[in-house]
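Q: Dropping in input.csv, with CSV, C-alpha atoms.
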chain,number,residue,atom,x,y,z
U,1,MET,CA,131.3,185.5,49.5
U,2,LEU,CA,131.3,188.9,51.2
U,3,ASN,CA,133.6,191.7,50.1
U,4,GLY,CA,135.0,194.0,52.7
U,5,VAL,CA,138.1,195.0,54.7
U,6,ALA,CA,140.1,193.1,57.3
U,7,HIS,CA,142.3,194.1,60.2
U,8,PRO,CA,145.1,191.7,61.3
U,9,PRO,CA,145.3,190.9,65.0
U,10,ARG,CA,146.8,193.7,67.2
U,11,SER,CA,147.3,195.9,64.1
U,12,SER,CA,145.8,199.0,62.6
U,13,GLU,CA,146.6,197.8,59.1
U,14,ARG,CA,143.7,197.7,56.8
U,15,CYS,CA,143.5,195.5,53.7
U,16,GLU,CA,141.0,194.4,51.1
U,17,ALA,CA,139.6,191.0,52.0
U,18,THR,CA,136.7,188.6,51.4
U,19,LEU,CA,134.7,186.5,53.9
U,20,ASP,CA,133.8,183.0,52.7
U,21,ILE,CA,130.4,182.2,54.2
U,22,SER,CA,129.7,179.2,51.9
U,23,LEU,CA,131.3,176.6,54.2
U,24,ASP,CA,129.1,174.7,56.5
U,25,GLY,CA,129.6,176.0,60.0
U,26,MET,CA,132.8,177.8,59.2
U,27,LEU,CA,133.9,181.4,58.3
U,28,VAL,CA,137.1,182.1,56.4
U,29,ILE,CA,138.8,185.4,55.9
U,30,ASN,CA,141.0,185.7,52.8
U,31,ALA,CA,143.3,188.8,52.9
U,32,SER,CA,146.1,188.9,50.3
U,33,ASP,CA,148.4,186.0,51.3
U,34,GLN,CA,146.9,185.7,54.8
U,35,ARG,CA,144.0,183.5,55.9
U,36,SER,CA,142.0,183.0,59.1
U,37,SER,CA,139.2,180.6,59.8
U,38,ALA,CA,136.9,179.8,62.7
U,39,ASN,CA,133.7,178.1,63.6
U,40,ILE,CA,130.7,180.4,63.3
U,41,ALA,CA,129.8,179.8,66.9
U,42,ASP,CA,133.2,181.2,68.0
U,43,VAL,CA,133.0,184.4,65.9
U,44,LYS,CA,131.6,187.5,67.5
U,45,ILE,CA,129.2,189.2,65.1
U,46,ASN,CA,128.2,192.9,65.7
U,47,VAL,CA,125.3,193.6,63.4
U,48,GLY,CA,125.4,197.1,61.9
U,49,VAL,CA,122.6,199.5,62.6
U,50,GLY,CA,120.8,200.7,59.4
U,51,SER,CA,123.5,201.5,56.8
U,52,THR,CA,126.4,201.0,59.2
U,53,PRO,CA,128.8,198.0,58.5
U,54,SER,CA,128.7,194.7,60.4
U,55,LYS,CA,131.8,193.4,62.1
U,56,PHE,CA,133.1,189.9,62.5
U,57,THR,CA,135.7,189.4,65.3
U,58,PHE,CA,137.6,186.1,65.1
U,59,PRO,CA,139.0,184.3,68.1
U,60,ASP,CA,142.6,184.9,66.9
U,61,GLY,CA,142.0,188.6,66.7
U,62,TRP,CA,141.2,189.1,63.0
U,63,LEU,CA,138.4,191.6,62.3
U,64,PHE,CA,136.4,191.6,59.1
U,65,VAL,CA,134.1,194.6,58.3
U,66,ALA,CA,131.3,194.2,55.7
U,67,GLN,CA,129.0,196.8,54.3
U,68,PRO,CA,125.3,196.1,54.1
U,69,CYS,CA,124.2,193.9,51.1
U,70,ASP,CA,121.7,191.3,50.3
U,71,GLU,CA,124.1,188.4,50.9
U,72,LEU,CA,125.0,189.8,54.3
U,73,THR,CA,121.3,190.2,55.2
U,74,ALA,CA,120.5,186.7,54.2
U,75,PHE,CA,123.5,185.3,56.1
U,76,LEU,CA,122.5,187.2,59.3
U,77,LYS,CA,118.9,186.1,59.0
U,78,GLN,CA,120.0,182.5,58.4
U,79,HIS,CA,122.1,182.5,61.6
U,80,ASP,CA,119.5,184.4,63.7
U,81,GLN,CA,121.5,187.6,63.8
U,82,HIS,CA,119.0,190.4,63.6
U,83,ASP,CA,119.4,194.1,62.9
U,84,TRP,CA,116.6,195.2,65.3
U,85,MET,CA,117.6,198.8,65.1
U,86,GLY,CA,117.6,198.8,61.4
U,87,LYS,CA,114.1,197.3,61.4
U,88,LEU,CA,112.9,199.9,63.8
U,89,GLU,CA,114.2,202.7,61.6
U,90,LYS,CA,111.9,201.5,58.8
U,91,ASN,CA,108.9,200.8,61.1
U,92,VAL,CA,106.6,203.9,61.2
U,93,SER,CA,104.6,202.5,64.2
U,94,ALA,CA,107.8,201.8,66.2
U,95,ILE,CA,109.1,205.3,65.4
U,96,LEU,CA,105.9,206.9,66.5
U,97,ILE,CA,105.9,204.9,69.7
U,98,CYS,CA,109.5,205.9,70.4
U,99,CYS,CA,108.7,209.5,69.8
U,100,ILE,CA,105.8,209.4,72.2
U,101,ALA,CA,107.9,207.6,74.8
U,102,ILE,CA,110.7,210.2,74.5
U,103,LEU,CA,108.2,213.1,74.7
U,104,ALA,CA,106.6,211.5,77.8
U,105,LEU,CA,110.0,211.0,79.4
U,106,THR,CA,111.0,214.6,78.6
U,107,ILE,CA,107.8,216.0,80.0
U,108,GLY,CA,108.0,213.8,83.0
U,109,THR,CA,111.6,214.9,83.6
U,110,PHE,CA,110.5,218.6,83.7
U,111,THR,CA,107.3,218.1,85.6
U,112,HIS,CA,108.4,215.5,88.2
U,113,GLY,CA,112.0,214.7,87.9
U,114,ILE,CA,113.5,218.2,88.2
U,115,PRO,CA,111.1,219.2,91.1
U,116,TRP,CA,112.1,216.0,92.9
U,117,LEU,CA,115.8,216.6,92.3
U,118,THR,CA,115.4,220.2,93.4
U,119,ASP,CA,114.1,219.2,96.8
U,120,LYS,CA,116.9,216.8,97.3
U,121,VAL,CA,119.6,219.4,96.2
U,122,VAL,CA,118.2,222.1,98.5
U,123,VAL,CA,118.1,219.8,101.5
U,124,TYR,CA,121.9,219.1,101.2
U,125,LEU,CA,123.0,222.7,100.3
U,126,PRO,CA,124.9,224.2,103.2
U,127,ASP,CA,123.4,227.4,104.8
U,128,SER,CA,126.4,229.4,103.5
U,129,VAL,CA,125.1,229.1,99.9
U,130,SER,CA,121.7,230.6,100.7
U,131,LYS,CA,123.4,233.3,102.8
U,132,ILE,CA,125.8,234.3,100.0
U,133,VAL,CA,122.9,234.5,97.5
U,134,GLU,CA,120.9,236.6,100.0
U,135,GLU,CA,123.7,239.0,100.6
U,136,ARG,CA,124.3,239.6,96.8
U,137,VAL,CA,120.6,240.0,96.1
U,138,LEU,CA,120.2,242.5,98.9
U,139,VAL,CA,123.2,244.5,97.7
U,140,SER,CA,121.6,244.5,94.2
U,141,PHE,CA,118.2,245.6,95.5
U,142,ASP,CA,119.7,248.4,97.6
U,143,GLU,CA,121.6,249.7,94.5
U,144,GLN,CA,118.7,249.4,92.0
U,145,LEU,CA,115.3,249.3,93.7
U,146,PHE,CA,115.3,250.5,97.3
U,147,GLU,CA,115.8,253.6,99.3
U,148,PRO,CA,116.3,253.9,103.1
U,149,SER,CA,113.0,253.5,105.0
U,150,GLU,CA,111.2,256.6,106.1
U,151,LEU,CA,109.7,254.8,109.1
U,152,THR,CA,111.0,256.0,112.4
U,153,LEU,CA,113.3,253.7,114.4
U,154,SER,CA,110.6,253.5,117.0
U,155,GLN,CA,108.1,252.2,114.5
U,156,GLN,CA,110.6,249.7,113.2
U,157,THR,CA,111.5,248.5,116.7
U,158,VAL,CA,107.8,247.9,117.6
U,159,ILE,CA,107.3,245.8,114.5
U,160,ARG,CA,110.4,243.8,115.0
U,161,GLN,CA,109.7,243.1,118.7
U,162,ARG,CA,106.2,242.0,117.9
U,163,PHE,CA,107.4,239.7,115.1
U,164,GLU,CA,110.1,238.2,117.3
U,165,GLY,CA,107.4,237.4,119.9
U,166,HIS,CA,105.4,235.6,117.3
U,167,LEU,CA,108.4,233.6,116.3
U,168,ARG,CA,108.8,232.4,119.9
U,169,GLU,CA,105.1,231.6,120.1
U,170,LEU,CA,105.4,229.5,116.9
U,171,GLY,CA,108.4,227.7,118.3
U,172,ILE,CA,110.6,228.8,115.4
U,173,ASP,CA,114.3,228.7,116.3
U,174,GLY,CA,116.9,230.9,114.6
U,175,GLU,CA,117.0,234.6,113.9
U,176,VAL,CA,114.9,236.1,111.1
U,177,ARG,CA,115.8,239.6,110.1
U,178,LEU,CA,113.2,242.3,109.3
U,179,LEU,CA,114.6,245.0,107.1
U,180,PHE,CA,112.6,248.1,106.2
U,181,ARG,CA,113.0,249.9,102.9
U,182,SER,CA,111.2,252.5,100.8
U,183,SER,CA,110.5,251.9,97.1
U,184,GLU,CA,108.2,252.7,94.2
U,185,LEU,CA,107.2,249.1,94.1
U,186,GLY,CA,104.3,249.9,96.3
U,187,ALA,CA,102.8,247.9,99.2
U,188,ASN,CA,104.9,244.8,99.2
U,189,ALA,CA,107.3,242.6,101.2
U,190,PHE,CA,110.0,240.1,100.0
U,191,ALA,CA,111.5,237.0,101.5
U,192,LEU,CA,115.1,236.5,100.6
U,193,SER,CA,117.0,233.2,100.4
U,194,HIS,CA,118.4,232.8,103.9
U,195,ASN,CA,116.7,234.5,106.8
U,196,THR,CA,115.7,238.1,105.8
U,197,ILE,CA,112.3,239.7,105.1
U,198,ILE,CA,112.2,243.1,103.5
U,199,VAL,CA,109.2,245.2,104.3
U,200,LEU,CA,108.4,248.3,102.3
U,201,ASP,CA,107.0,251.4,103.9
U,202,ASP,CA,103.9,251.5,101.7
U,203,LEU,CA,102.9,248.1,103.0
U,204,VAL,CA,103.1,249.3,106.6
U,205,GLN,CA,101.1,252.4,105.8
U,206,LEU,CA,98.4,250.4,104.0
U,207,THR,CA,97.7,248.2,107.0
U,208,LYS,CA,95.0,249.3,109.4
U,209,THR,CA,95.8,246.9,112.3
U,210,GLN,CA,98.9,245.2,113.6
U,211,GLN,CA,97.3,241.9,113.0
U,212,GLN,CA,97.0,242.6,109.2
U,213,LEU,CA,100.7,243.3,109.0
U,214,ASP,CA,101.3,240.1,111.1
U,215,SER,CA,99.6,238.1,108.3
U,216,ILE,CA,102.0,239.4,105.6
U,217,LEU,CA,105.0,238.8,107.8
U,218,MET,CA,103.8,235.2,108.4
U,219,HIS,CA,103.4,234.8,104.7
U,220,GLU,CA,106.9,235.8,104.0
U,221,LEU,CA,108.1,233.7,106.9
U,222,GLY,CA,106.4,230.8,105.1
U,223,HIS,CA,108.7,231.4,102.1
U,224,ILE,CA,111.7,231.2,104.3
U,225,GLU,CA,110.6,228.1,106.2
U,226,GLN,CA,109.8,226.3,103.0
U,227,GLN,CA,113.1,227.5,101.3
U,228,HIS,CA,111.1,228.7,98.3
U,229,VAL,CA,113.7,231.1,97.0
U,230,MET,CA,116.5,228.5,97.0
U,231,LYS,CA,114.2,225.9,95.5
U,232,THR,CA,113.3,228.3,92.7
U,233,ILE,CA,117.0,229.1,92.0
U,234,VAL,CA,118.0,225.5,91.9
U,235,ARG,CA,115.0,224.5,89.8
U,236,SER,CA,115.7,227.3,87.3
U,237,SER,CA,119.3,226.3,87.1
U,238,LEU,CA,118.4,222.7,86.5
U,239,LEU,CA,115.9,223.7,83.8
U,240,SER,CA,118.5,225.9,82.1
U,241,LEU,CA,121.1,223.2,82.1
U,242,SER,CA,118.5,220.6,80.9
U,243,VAL,CA,117.5,222.8,78.0
U,244,ALA,CA,121.1,223.4,77.1
U,245,ILE,CA,121.8,219.7,77.1
U,246,LEU,CA,118.7,218.9,75.0
U,247,THR,CA,119.3,221.6,72.4
U,248,GLY,CA,123.1,221.6,72.5
U,249,GLU,CA,123.0,225.4,73.1
U,250,SER,CA,125.0,226.5,76.1
U,251,SER,CA,125.4,230.2,75.4
U,252,GLY,CA,123.7,232.4,78.0
U,253,VAL,CA,123.5,229.7,80.6
U,254,ILE,CA,126.1,231.3,82.8
U,255,ASP,CA,124.4,234.7,82.6
U,256,ASN,CA,121.1,233.1,83.3
U,257,LEU,CA,122.5,231.3,86.4
U,258,ALA,CA,124.1,234.5,87.7
U,259,GLY,CA,120.9,236.5,87.4
U,260,ILE,CA,118.5,234.0,88.8
U,261,GLY,CA,118.7,235.1,92.4
U,262,VAL,CA,117.8,238.7,91.7
U,263,PHE,CA,115.1,237.7,89.2
U,264,VAL,CA,113.4,235.3,91.6
U,265,ALA,CA,113.3,237.7,94.5
U,266,ASN,CA,112.2,240.6,92.3
U,267,ASN,CA,109.4,238.7,90.5
U,268,GLY,CA,108.0,236.7,93.4
U,269,GLN,CA,107.5,233.1,93.9
U,270,SER,CA,105.6,230.6,91.8
U,271,GLN,CA,101.9,230.3,92.3
U,272,HIS,CA,102.5,226.9,94.0
U,273,ALA,CA,104.9,228.5,96.5
U,274,GLU,CA,102.5,231.4,97.1
U,275,ARG,CA,99.7,228.9,98.0
U,276,GLU,CA,102.1,227.1,100.4
U,277,ALA,CA,103.1,230.4,102.0
U,278,ASP,CA,99.4,231.3,102.4
U,279,ARG,CA,98.7,228.1,104.1
U,280,PHE,CA,101.6,228.6,106.5
U,281,ALA,CA,100.5,232.1,107.2
U,282,SER,CA,96.9,231.1,107.8
U,283,ASP,CA,97.9,228.3,110.2
U,284,SER,CA,100.2,230.7,112.0
U,285,MET,CA,97.5,233.4,112.3
U,286,TRP,CA,95.1,230.8,113.8
U,287,GLN,CA,97.8,229.7,116.3
U,288,ILE,CA,98.7,233.3,117.3
U,289,HIS,CA,95.4,235.1,117.1
U,290,GLY,CA,92.8,232.3,116.9
U,291,THR,CA,91.6,233.5,113.5
U,292,ASN,CA,92.9,234.3,110.0
U,293,GLN,CA,90.4,237.1,109.5
U,294,PRO,CA,93.2,239.8,109.6
U,295,MET,CA,94.8,238.0,106.7
U,296,ILE,CA,91.6,238.1,104.7
U,297,GLU,CA,91.3,241.8,105.4
U,298,MET,CA,94.9,242.4,104.3
U,299,PHE,CA,94.3,240.7,101.0
U,300,GLU,CA,91.2,242.7,100.5
U,301,LEU,CA,93.2,245.9,101.1
U,302,LEU,CA,95.8,244.8,98.6
U,303,GLN,CA,93.0,243.9,96.1
U,304,GLU,CA,91.6,247.4,96.5
U,305,SER,CA,95.0,249.1,96.1
U,306,SER,CA,95.7,247.1,92.9
U,307,GLU,CA,92.4,247.7,91.1
U,308,HIS,CA,93.8,250.6,89.1
U,309,GLU,CA,96.7,248.4,87.8
U,310,ALA,CA,96.6,246.7,84.4
U,311,GLU,CA,95.3,243.2,84.6
U,312,ILE,CA,97.7,240.5,83.3
U,313,PRO,CA,96.8,236.9,82.2
U,314,ALA,CA,96.8,234.4,85.1
U,315,TRP,CA,99.4,232.2,83.3
U,316,LEU,CA,101.8,235.2,83.3
U,317,SER,CA,101.4,236.0,87.0
U,318,SER,CA,103.6,234.4,89.6
U,319,HIS,CA,100.9,235.0,92.2
U,320,PRO,CA,97.4,233.4,92.3
U,321,GLU,CA,94.5,235.9,92.0
U,322,LEU,CA,93.8,237.7,95.2
U,323,SER,CA,90.1,236.7,95.0
U,324,GLU,CA,91.1,233.1,94.8
U,325,ARG,CA,93.4,233.4,97.8
U,326,ILE,CA,90.7,235.2,99.8
U,327,ASP,CA,88.1,232.5,99.0
U,328,SER,CA,90.6,229.8,100.0
U,329,LEU,CA,91.2,231.5,103.4
U,330,LYS,CA,87.5,231.9,104.1
U,331,SER,CA,87.0,228.2,103.4
U,332,SER,CA,89.8,227.1,105.7
U,333,HIS,CA,89.2,225.9,109.3
Could you spell out this file's structure in structure tokens?
A:
Amino acid sequence: MLNGVAHPPRSSERCEATLDISLDGMLVINASDQRSSANIADVKINVGVGSTPSKFTFPDGWLFVAQPCDELTAFLKQHDQHDWMGKLEKNVSAILICCIAILALTIGTFTHGIPWLTDKVVVYLPDSVSKIVEERVLVSFDEQLFEPSELTLSQQTVIRQRFEGHLRELGIDGEVRLLFRSSELGANAFALSHNTIIVLDDLVQLTKTQQQLDSILMHELGHIEQQHVMKTIVRSSLLSLSVAILTGESSGVIDNLAGIGVFVANNGQSQHAEREADRFASDSMWQIHGTNQPMIEMFELLQESSEHEAEIPAWLSSHPELSERIDSLKSSH
């Protein structure tokens, strides 16, 4: 005999009851002056997990709820009703295996699942999204980082016309904007999320040949062609949301999403994206000039100009080491 509570059919009423399990092949609920019986085979049994109660649902709608006890455990075992989850809770090996599986699934989600989903999302994003992001980032840069370029309009025009000629030679359709700015950020260039490349005056002044500047513009063009900025924005957003879901902590997520565009463009692309852009630039230089030597020379100039700067650990840098990139270019083709 099991003690518990019972609920009459189509009613929220709760009453003390017993479940007679001693009859051969039959179960009987006794609740005050009411009684319900059914063949065991017709009763739906939901086995409780761990310390949660088990539920017996009779064909006529009666529900009997029994707390865990030795009699209930013996009955369930006798009728091949197993509390698999409860057994797992007490099985150290099973717990360890589950933890490893969950950890592997979590790592796989972050290392493979989110990158895969990122690529799919970016493919279906309308151009208007990347354009809006670009416009807002450019406004922020102009307010906080950049000053008007000190290059003459003639210098800017020559660089633009040369770049546009290279685009036609590469068979790239669509307008790519070159904007010139002055900044204390040094010799640098930035690809934004839609179709804009920002070239800083110090970079132009550092180059000794037009071909060297071409190589940097091709590198930034590679970022645009591969949609690296939008991929990083989407991936960062997915990572933030995933962490919020896993930890239950959502504070700061909106602020993080809002600042991602500026953060990404200001801090450069990931090392993987940089290597992809290097390959694109190297291939383009071979197609345009028949060699990638000017790109090697450009990286050597950048390496010399940065020797006085403090070295940071490789895992903190968003760019591969320049020496590594130079060696990779020398070994290509």
Q: Go through U:Glu300, U:Glu164, U:Asp33, U:Glu175 and flag the residue nearest U:Glu225, using only C-alpha atoms for the distances.
A: U:Glu175
Q: Please measure the separation of atom CA of U:Ser305 and atom CA of U:Ser328, giving the value in Å to one decimal.
A: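 A separation of 20.2 Å between them.
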Q: Give me the residues near stretch 282-290 of chain U as a list of chain:residue names, where near means some atom within 9 Å (using all atoms listed in the file) and where sequence neighbours in that chain fewer than 5 positions away do not count.
A: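 The residues that qualify are U:His166, U:Glu169, U:Leu170, U:Gln211, U:Asp214, U:Ser215, U:Met218, U:His219, U:Ala277, U:Met295, U:Leu329, U:Ser332, U:His333.
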Q: As AutoDock Vina command-line options, please report the centre and edge lengths, rounded to one decimal in Å, of the axis-aligned box that holds all listed atoms of stretch 228-240 of chain U with 5 Å of padding on each of the six sides.
A:
--center_x 115.2 --center_y 226.9 --center_z 90.2 --size_x 18.2 --size_y 18.4 --size_z 26.2
Q: I'd like the interatomic distance between atom CA of U:Ile45 and atom CA of U:Phe64, to a tenth of an Å.
A: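 Separating atom CA of U:Ile45 from atom CA of U:Phe64 is a distance of 9.7 Å.
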Q: Calculated over all atoms listed in the file, which of the candidates U:Thr18, U:Asn292, U:Ser242, U:Gln156 has the smallest distance to U:Phe280?
A: U:Asn292
Q: When you draw a straight line from atom CA of U:Ile95 to atom CA of U:Val47, how long is it in Å?
A: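 If I compute the distance from atom CA of U:Ile95 to atom CA of U:Val47, I get 20.1 Å.
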Q: Give me the residues within 9 Å of U:Arg160 as a PyMOL selection string, counting all atoms listed in the file and dropping any in the same chain fewer than 5 places off.
A: chain U and resi 155+165+177-178
Q: With a distance cut-off of 12 Å and all atoms listed in the file, select the neighbouring residues of U:Ala41, excluding the residue or stretch itself and same-chain residues fewer than 5 positions from it, and output the selection as a PyMOL selection string.
A: chain U and resi 24-27+56-59+79-81
Q: For a quick check of understanding, using all atoms listed in the file, which of U:Ala189, U:Ala94, U:Ile29, U:Leu322 has the smallest distance to U:Trp62?
A: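 Closest to U:Trp62, using all atoms listed in the file: U:Ile29.
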Q: Counting all atoms listed in the file, which of U:Ile296, U:Ile326, U:Leu179, U:Val234 gets nearest to U:Ile114?
A: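 Using all atoms listed in the file, U:Ile114 sits closest to U:Val234.
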Q: Counting all atoms listed in the file, what is within 10 Å of U:Ile197, bar same-chain residues fewer than 4 positions away, as a ChimeraX atom specification?
A: /U:176-180,189-193,217,220-221,223-224
Q: Can you pull out every residue within 6 Å of stretch 125-133 of chain U, counting all atoms listed in the file, but drop anything in the same chain fewer than 2 positions away, and send it as a list in words?
A: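 In the requested form, the answer reads Val122, Val123, Glu135, Arg136, Ser193 and His194 of chain U.
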Q: Pull C-alpha atoms from the residues just selected and write them as a compact mmCIF listing (two decimals), in the coordinates of the input.
A:
# COMPACT_ATOMS: atom_id res chain seq x y z
CA VAL U 122 118.20 222.10 98.50
CA VAL U 123 118.10 219.80 101.50
CA GLU U 135 123.70 239.00 100.60
CA ARG U 136 124.30 239.60 96.80
CA SER U 193 117.00 233.20 100.40
CA HIS U 194 118.40 232.80 103.90
